[in-house]
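Participant: Supplied structure: target-v8.cif, mmCIF, C-alpha atoms.
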data_work
#
loop_
_atom_site.label_atom_id
_atom_site.label_comp_id
_atom_site.auth_asym_id
_atom_site.auth_seq_id
_atom_site.Cartn_x
_atom_site.Cartn_y
_atom_site.Cartn_z
CA MET A 1 0.00 0.00 0.00
CA ASN A 2 1.52 3.31 -1.03
CA ASP A 3 1.20 6.60 0.85
CA ASP A 4 -1.61 7.92 -1.36
CA LEU A 5 -3.77 4.86 -0.79
CA LEU A 6 -2.97 4.93 2.89
CA GLU A 7 -3.85 8.61 3.24
CA ALA A 8 -7.04 8.00 1.28
CA ALA A 9 -7.93 5.20 3.67
CA LEU A 10 -7.19 7.45 6.61
CA ARG A 11 -9.42 10.17 5.17
CA GLU A 12 -12.25 7.69 4.97
CA LEU A 13 -12.07 7.23 8.71
CA ARG A 14 -14.53 9.56 10.35
CA PRO A 15 -14.14 10.44 14.01
CA ALA A 16 -16.71 8.80 16.24
CA ALA A 17 -19.74 10.83 17.28
CA LEU A 18 -19.65 12.64 20.58
CA PRO A 19 -20.89 10.43 23.43
CA ALA A 20 -24.50 11.12 24.31
CA ASP A 21 -23.74 12.07 27.90
CA LEU A 22 -21.10 14.55 26.78
CA ARG A 23 -23.55 16.02 24.28
CA ALA A 24 -26.14 16.33 27.00
CA ARG A 25 -23.92 18.21 29.41
CA MET A 26 -22.76 20.56 26.67
CA LYS A 27 -26.25 21.29 25.44
CA CYS A 28 -26.13 24.99 26.20
CA PRO A 29 -23.31 27.40 25.51
CA PRO A 30 -21.27 28.39 28.55
CA PRO A 31 -22.28 31.57 30.32
CA PRO A 32 -19.99 34.55 29.89
CA GLU A 33 -17.11 34.51 32.26
CA LEU A 34 -17.29 36.75 35.29
CA VAL A 35 -14.74 39.47 35.27
CA THR A 36 -12.25 38.80 38.00
CA VAL A 37 -9.47 41.01 39.15
CA PRO A 38 -6.09 39.36 38.63
CA TRP A 39 -4.20 38.71 41.82
CA TRP A 40 -1.42 41.10 40.88
CA ARG A 41 -3.89 43.89 40.26
CA SER A 42 -5.70 43.34 43.54
CA ALA A 43 -2.32 43.17 45.28
CA ARG A 44 -1.41 46.50 43.73
CA VAL A 45 -4.64 48.01 45.02
CA ILE A 46 -3.91 46.67 48.50
CA VAL A 47 -0.38 48.08 48.47
CA THR A 48 -1.59 51.45 47.22
CA ALA A 49 -4.34 51.59 49.82
CA SER A 50 -1.89 50.65 52.57
CA LEU A 51 0.54 53.36 51.53
CA ALA A 52 -2.25 55.91 51.40
CA ALA A 53 -3.43 54.90 54.86
CA ALA A 54 0.11 55.10 56.23
CA ALA A 55 0.57 58.55 54.71
CA ALA A 56 -2.70 59.73 56.23
CA MET A 57 -1.68 58.41 59.66
CA ALA A 58 1.68 60.11 59.41
CA TRP A 59 0.04 63.37 58.40
CA MET A 60 -2.21 63.22 61.44
CA LEU A 61 0.41 62.13 63.98
CA VAL A 62 3.51 64.07 63.01
CA PRO A 63 3.40 67.70 64.20
CA PRO A 64 3.41 70.11 61.29
CA ALA A 65 6.66 71.74 60.36
CA ALA A 66 7.14 75.34 61.42
CA GLY A 67 5.35 77.49 58.93
CA PRO A 68 5.14 81.21 58.61
CA ALA A 69 4.93 82.98 61.96
CA ASP A 70 1.50 83.84 63.25
CA PRO A 71 0.67 87.51 63.01
CA ALA A 72 1.21 89.43 66.23
CA PRO A 73 -1.87 89.78 68.43
CA ARG A 74 -3.62 93.08 68.04
CA THR A 75 -5.56 95.04 70.63
CA VAL A 76 -9.29 95.37 70.27
CA ARG A 77 -11.89 97.92 71.20
CA ILE A 78 -15.23 96.66 72.45
CA GLN A 79 -18.26 98.43 71.19
CA GLN A 80 -21.45 97.47 72.93
CA ILE A 81 -24.43 97.52 70.64
CA GLU A 82 -27.37 96.50 72.72
CA SER A 83 -28.39 95.09 76.10
CA THR A 84 -31.54 93.03 76.37
CA LEU A 85 -33.30 92.07 79.58
CA LEU A 86 -33.95 88.37 79.31
CA ALA A 87 -35.44 87.58 82.70
CA GLU A 88 -36.14 89.15 86.06
CA ARG A 89 -37.09 87.48 89.30
CA THR A 90 -37.59 88.67 92.85
CA LEU A 91 -35.27 87.08 95.39
CA ALA A 92 -36.52 88.72 98.57
CA VAL A 93 -38.92 91.40 99.86
CA GLU A 94 -38.43 93.37 103.11
CA GLU A 95 -39.88 96.41 104.82
CA HIS A 96 -37.60 99.19 106.02
CA ASP A 97 -38.70 102.52 107.52
CA GLY A 98 -42.25 102.12 106.37
CA ARG A 99 -41.34 101.20 102.82
CA VAL A 100 -41.21 97.84 101.11
CA TRP A 101 -38.00 96.90 99.27
CA GLU A 102 -37.32 93.93 97.01
CA LEU A 103 -34.10 92.25 95.94
CA VAL A 104 -34.31 91.58 92.24
CA GLU A 105 -32.06 89.46 89.98
CA GLN A 106 -31.99 90.39 86.31
CA GLU A 107 -30.46 88.41 83.45
CA TRP A 108 -29.14 90.55 80.60
CA ARG A 109 -27.74 89.71 77.19
CA ASP A 110 -25.14 92.13 75.90
CA ASP A 111 -24.47 92.19 72.16
CA SER A 112 -21.08 93.65 71.32
CA ILE A 113 -18.57 94.05 68.56
CA ALA A 114 -14.83 93.67 69.00
CA LEU A 115 -13.03 96.10 66.71
CA CYS A 116 -9.44 95.32 65.86
CA SER A 117 -7.22 98.31 66.36
CA SER A 118 -5.23 98.14 63.12
CA SER A 119 -7.24 95.97 60.78
CA PRO A 120 -10.76 95.85 59.48
CA VAL A 121 -11.51 92.71 61.47
CA ARG A 122 -14.85 92.96 63.34
CA VAL A 123 -16.01 90.13 65.59
CA ARG A 124 -19.58 90.18 66.82
CA TYR A 125 -20.36 88.29 70.01
CA SER A 126 -22.92 88.01 72.81
CA GLU A 127 -22.63 87.26 76.49
CA THR A 128 -25.09 87.07 79.36
CA ARG A 129 -24.70 88.62 82.78
CA LEU A 130 -26.62 88.65 86.05
CA GLU A 131 -27.35 91.80 87.89
CA ARG A 132 -28.90 92.15 91.35
CA LEU A 133 -30.41 95.30 92.68
CA CYS A 134 -32.67 96.58 95.46
CA GLN A 135 -35.60 98.67 94.51
CA PRO A 136 -38.65 100.03 96.33
CA VAL A 137 -41.91 98.34 95.60
CA ASP A 138 -44.54 100.66 94.30
CA PHE A 139 -48.00 99.34 95.08
CA GLN A 140 -49.88 101.84 92.95
CA MET B 141 -18.88 18.20 36.07
CA LYS B 142 -22.18 20.00 36.14
CA PRO B 143 -24.14 20.69 32.98
CA PHE B 144 -24.47 24.27 31.92
CA SER B 145 -27.52 25.98 33.25
CA PRO B 146 -30.05 26.77 30.55
CA THR B 147 -30.80 30.07 32.26
CA HIS B 148 -27.47 31.41 31.00
CA SER B 149 -28.15 30.84 27.32
CA GLU B 150 -27.43 34.44 26.37
CA PRO B 151 -24.82 33.61 23.72
CA PRO B 152 -26.22 32.31 20.43
CA ALA B 153 -27.05 28.68 21.12
CA ASP B 154 -27.23 27.94 17.39
CA ASP B 155 -23.56 28.84 16.93
CA TRP B 156 -22.55 26.68 19.85
CA GLN B 157 -24.48 23.66 18.66
CA GLY B 158 -23.40 24.21 15.08
CA TRP B 159 -19.81 24.36 16.21
CA LEU B 160 -20.15 21.10 18.12
CA ASP B 161 -21.86 19.51 15.11
CA SER B 162 -19.20 20.57 12.64
CA GLN B 163 -16.01 20.26 14.66
CA GLY B 164 -16.89 18.46 17.87
CA GLU B 165 -16.07 14.99 16.59
CA SER B 166 -12.60 15.81 15.29
CA LEU B 167 -11.83 17.86 18.41
CA PHE B 168 -12.94 15.01 20.62
CA LEU B 169 -10.83 12.59 18.61
CA TYR B 170 -7.78 14.70 19.43
CA THR B 171 -8.89 14.94 23.06
CA ARG B 172 -9.11 11.17 23.27
CA GLN B 173 -5.67 10.94 21.78
CA GLN B 174 -4.31 13.31 24.42
CA THR B 175 -5.90 11.63 27.42
CA ARG B 176 -5.76 8.12 28.66
CA CYS B 177 -9.33 7.42 29.64
CA GLU B 178 -12.77 8.35 28.45
CA SER B 179 -13.85 10.30 31.52
CA ASP B 180 -10.72 12.46 31.41
CA ALA B 181 -11.30 13.04 27.72
CA LYS B 182 -14.82 14.29 28.40
CA ASP B 183 -13.69 16.61 31.17
CA VAL B 184 -10.81 18.02 29.15
CA PHE B 185 -13.03 18.41 26.10
CA GLN B 186 -15.72 20.34 27.95
CA ASP B 187 -13.25 22.53 29.84
CA ALA B 188 -11.19 23.32 26.76
CA LEU B 189 -14.16 24.14 24.58
CA THR B 190 -15.68 26.29 27.31
CA GLU B 191 -12.44 28.18 27.79
CA SER B 192 -11.93 28.68 24.06
CA TRP B 193 -15.52 29.81 23.56
CA ARG B 194 -15.26 32.38 26.33
CA LYS B 195 -11.91 33.66 25.14
CA ALA B 196 -13.42 34.18 21.72
CA GLY B 197 -16.15 36.31 23.28
CA GLY B 198 -18.95 33.82 22.82
CA ARG B 199 -18.13 33.10 19.20
CA ILE B 200 -16.68 30.13 17.36
CA PRO B 201 -12.96 30.14 18.16
CA ASP B 202 -10.10 29.31 15.84
CA LYS B 203 -9.64 25.56 15.58
CA ALA B 204 -5.90 25.69 16.15
CA LEU B 205 -6.50 27.62 19.36
CA VAL B 206 -9.00 25.03 20.54
CA LEU B 207 -6.63 22.16 19.78
CA ALA B 208 -3.86 23.94 21.66
CA THR B 209 -6.17 24.48 24.61
CA ILE B 210 -7.13 20.81 24.62
CA ARG B 211 -3.46 19.88 24.59
CA ARG B 212 -2.58 22.22 27.44
CA ARG B 213 -5.47 21.08 29.59
CA ALA B 214 -4.69 17.44 28.95
CA ILE B 215 -1.10 18.00 30.00
CA ASP B 216 -2.24 19.82 33.14
CA LEU B 217 -4.57 16.97 33.95
CA GLY B 218 -1.86 14.42 33.30
CA ARG B 219 0.33 16.09 35.90
CA SER B 220 -2.21 15.52 38.59
CA LEU B 221 -1.11 12.48 40.53
CA ASP B 222 -4.48 11.49 41.89
CA ARG B 223 -6.03 11.74 38.48
CA ARG B 224 -3.25 9.61 37.06
CA THR B 225 -3.93 6.89 39.59
CA ARG B 226 -7.61 6.93 38.76
CA ARG B 227 -6.91 6.98 35.06
CA GLU B 228 -4.73 3.89 35.27
CA GLN B 229 -7.60 2.10 36.95
CA VAL B 230 -10.19 3.21 34.46
CA VAL B 231 -8.16 2.66 31.31
CA ILE B 232 -8.41 -1.05 31.84
CA GLU B 233 -12.19 -0.88 31.92
CA SER B 234 -12.98 0.44 28.48
CA ARG B 235 -11.49 2.14 25.49
CA PRO B 236 -14.20 3.16 23.05
CA ASP B 237 -13.62 3.21 19.35
CA TRP B 238 -12.20 6.53 18.29
CA PHE B 239 -13.70 6.31 14.83
CA ALA B 240 -17.21 5.88 13.53
CA PRO B 241 -18.21 2.30 12.77
CA ASP B 242 -18.21 1.06 9.19
CA PHE B 243 -20.87 -1.48 8.42
CA SER B 244 -19.38 -2.56 5.07
CA GLU B 245 -17.40 -5.26 6.84
CA ASN B 246 -14.20 -3.74 5.60
CA ASP B 247 -11.62 -5.35 7.85
CA THR B 248 -8.89 -3.04 6.52
CA ARG B 249 -10.65 -0.22 8.29
CA ASP B 250 -10.61 -2.10 11.60
CA HIS B 251 -6.92 -2.85 11.27
CA LEU B 252 -6.23 0.76 10.36
CA VAL B 253 -8.12 2.04 13.39
CA ALA B 254 -6.26 -0.35 15.64
CA ALA B 255 -2.96 0.63 14.05
CA VAL B 256 -3.66 4.36 14.53
CA GLN B 257 -4.54 3.84 18.17
CA ALA B 258 -1.41 1.76 18.68
CA LEU B 259 0.96 4.39 17.26
CA PRO B 260 3.41 6.05 19.64
CA GLU B 261 1.83 9.17 21.11
CA ALA B 262 4.08 11.69 19.36
CA LEU B 263 3.42 10.16 15.93
CA ARG B 264 -0.27 9.71 16.55
CA GLU B 265 -0.65 13.33 17.64
CA VAL B 266 0.82 14.67 14.40
CA LEU B 267 -1.24 12.24 12.33
CA ILE B 268 -4.50 13.29 13.99
CA LEU B 269 -3.72 17.00 13.89
CA LYS B 270 -2.88 16.75 10.18
CA ASN B 271 -5.73 14.52 9.02
CA TRP B 272 -8.62 15.47 11.31
CA GLY B 273 -7.44 18.71 12.88
CA ASP B 274 -6.87 20.27 9.45
CA LEU B 275 -3.66 21.90 10.64
CA THR B 276 -0.66 22.60 8.48
CA PHE B 277 2.79 21.32 9.43
CA PRO B 278 3.94 24.77 10.58
CA ALA B 279 0.84 25.02 12.78
CA ILE B 280 1.44 21.54 14.17
CA ALA B 281 5.06 22.45 14.83
CA ARG B 282 4.07 25.60 16.73
CA MET B 283 1.51 23.76 18.78
CA THR B 284 3.64 20.80 19.74
CA GLY B 285 6.82 22.80 20.21
CA VAL B 286 8.92 21.03 17.59
CA SER B 287 10.43 22.15 14.31
CA VAL B 288 8.49 21.92 11.08
CA ALA B 289 10.94 19.30 9.86
CA THR B 290 10.31 17.19 12.95
CA ALA B 291 6.55 17.48 12.57
CA THR B 292 6.79 16.46 8.91
CA SER B 293 9.07 13.54 9.61
CA ARG B 294 6.82 12.34 12.44
CA TYR B 295 3.90 12.31 10.03
CA ARG B 296 5.87 10.37 7.44
CA TYR B 297 7.08 7.95 10.06
CA ALA B 298 3.50 7.43 11.26
CA LEU B 299 2.45 6.57 7.71
CA GLU B 300 5.30 4.13 7.42
CA ARG B 301 4.31 2.46 10.66
CA LEU B 302 0.70 2.18 9.52
CA ARG B 303 1.70 0.85 6.15
CA GLY B 304 3.92 -1.73 7.78
CA THR B 305 1.12 -2.83 10.08
CA LEU B 306 -1.36 -3.14 7.25
CA THR B 307 1.12 -4.98 5.03
CA GLU B 308 1.52 -7.56 7.75
CA VAL B 309 -2.22 -8.10 7.74
CA ARG B 310 -2.84 -7.84 3.99
CA PRO B 311 0.42 -8.35 2.11
#
Since I need it in another form, could you write the structure as structure tokens?
Facilitator:
Amino acid sequence: MNDDLLEAALRELRPAALPADLRARMKCPPPPELVTVPWWRSARVIVTASLAAAAAMAWMLVPPAAGPADPAPRTVRIQQIESTLLAERTLAVEEHDGRVWELVEQEWRDDSIALCSSSPVRVRYSETRLERLCQPVDFQ
Amino acid sequence: MKPFSPTHSEPPADDWQGWLDSQGESLFLYTRQQTRCESDAKDVFQDALTESWRKAGGRIPDKALVLATIRRRAIDLGRSLDRRTRREQVVIESRPDWFAPDFSENDTRDHLVAAVQALPEALREVLILKNWGDLTFPAIARMTGVSVATATSRYRYALERLRGTLTEVRP
């Protein structure tokens, strides 16, 4: 048998059909593959995140380097704008020399502005204060 | 191995089935040649075709790429010791005919099939890739990692071995 006849005989051989069970389990096409992050890429993300976290920690823990000097403190002038009586209550009442006196406690709110002496800075603020005074009671 | 779920049949099922119809038999022939038992051949075949299909974006992949994938997966499987042990046990049980039956009672065909299956693995691989894989000698050489001259000579040597076997039977 020469090569031509032999090759012709080989070509007449057809591969066997796929086994039925293999056919059955390959009935449907495979689903698309899920995208997964390669290990080296995820490792790079971890390293980058770690470095960023370390840098953030260092930034928070290390005291800042000496920067430009703070400007010198400046004197201020207080300008009171308004005083408002918030509450008033009587603490005690007594009679002296035929007249009735009462001890009164008043709560005031003072609104003020602090004016910087050599700059246009103006800071508005409020504070409360208590004031006690004796005053005659007028029964009219 | 689990069957594919029919709920994931987004890719064109016609292409997939058409691909199996047109090339499945020759690809499985090569898979059988690369593995040593039928169950390994089925696993490698399904895994390799799945991988090739996905790499091709849900389209019919290049045949040479599929054959190379089958080869790589079969080698990977062969390196697994536990699989090897199981394969040696199973190979004794059955070895199905690699080729379709011929009912013309042509005994030359039976001898030829037996002679092909009895060829040394390196010769048989080149013979199958050339005749049923439709690969050229340069493609076979790239895939198997030998020179073109070696691939060609292996093919010629395989033919000589087959001819010698058949001459013994039918001088």
Participant: List the residues matched by the PyMOL selection byres ((chain A and resi 15) around 6) in the displayed structure as a PyMOL selection string, ordered by chain and then by residue number.
Facilitator: (chain A and resi 14+16) or (chain B and resi 165-166+239-240)
Participant: Excluding stretch 79-87 of chain A and its own-chain neighbours fewer than 3 positions away, which residues fall within 10 Å of it when counting all atoms listed in the file? Please give them as a ChimeraX atom specification.
Facilitator: /A:76,105-115,124-130
Participant: What residues come out when you apply the PyMOL selection byres ((chain B and resi 279) around 12) to this file, written as a VMD selection string?
Facilitator: chain B and resid 203 to 205 207 to 208 266 269 to 270 273 to 278 280 to 289 291 to 292
Participant: Go through B:Gln257, B:Gln157, B:Thr307, B:Ser162 one by one, measure the shortest atom-to-atom distance of each to A:Pro30 using all atoms listed in the file, and give the residue with the smallest value.
Facilitator: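 For A:Pro30, the nearest of the given residues is B:Gln157.
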Participant: As a check of understanding, name the residues that the PyMOL selection byres ((chain A and resi 93) around 12) selects in the supplied structure, as a VMD selection string.
Facilitator: chain A and resid 89 to 92 94 to 96 99 to 104 133 to 137
Participant: Could you please determine the separation between atom CA of B:Asp161 and atom CA of B:Thr190 in Å, to one decimal place?
Facilitator: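 Straight-line distance from atom CA of B:Asp161 to atom CA of B:Thr190 works out to 15.3 Å.
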Participant: Give me, as an NGL selection string, the contact residues of chain A against chain B at a cut-off of 10 Å, counting all atoms listed in the file.
Facilitator: :A and (1-3 or 5-7 or 9-19 or 21-33)
Participant: Rounded to one decimal place, report the atom CA of B:Ala214-atom CA of B:His251 distance in Å.
Facilitator: 27.0 Å
Participant: Kindly give the distance, in Å, that separates atom CA of A:Asp138 and atom CA of A:Asp97, rounded to a single decimal.
Facilitator: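 The value is 14.6 Å.
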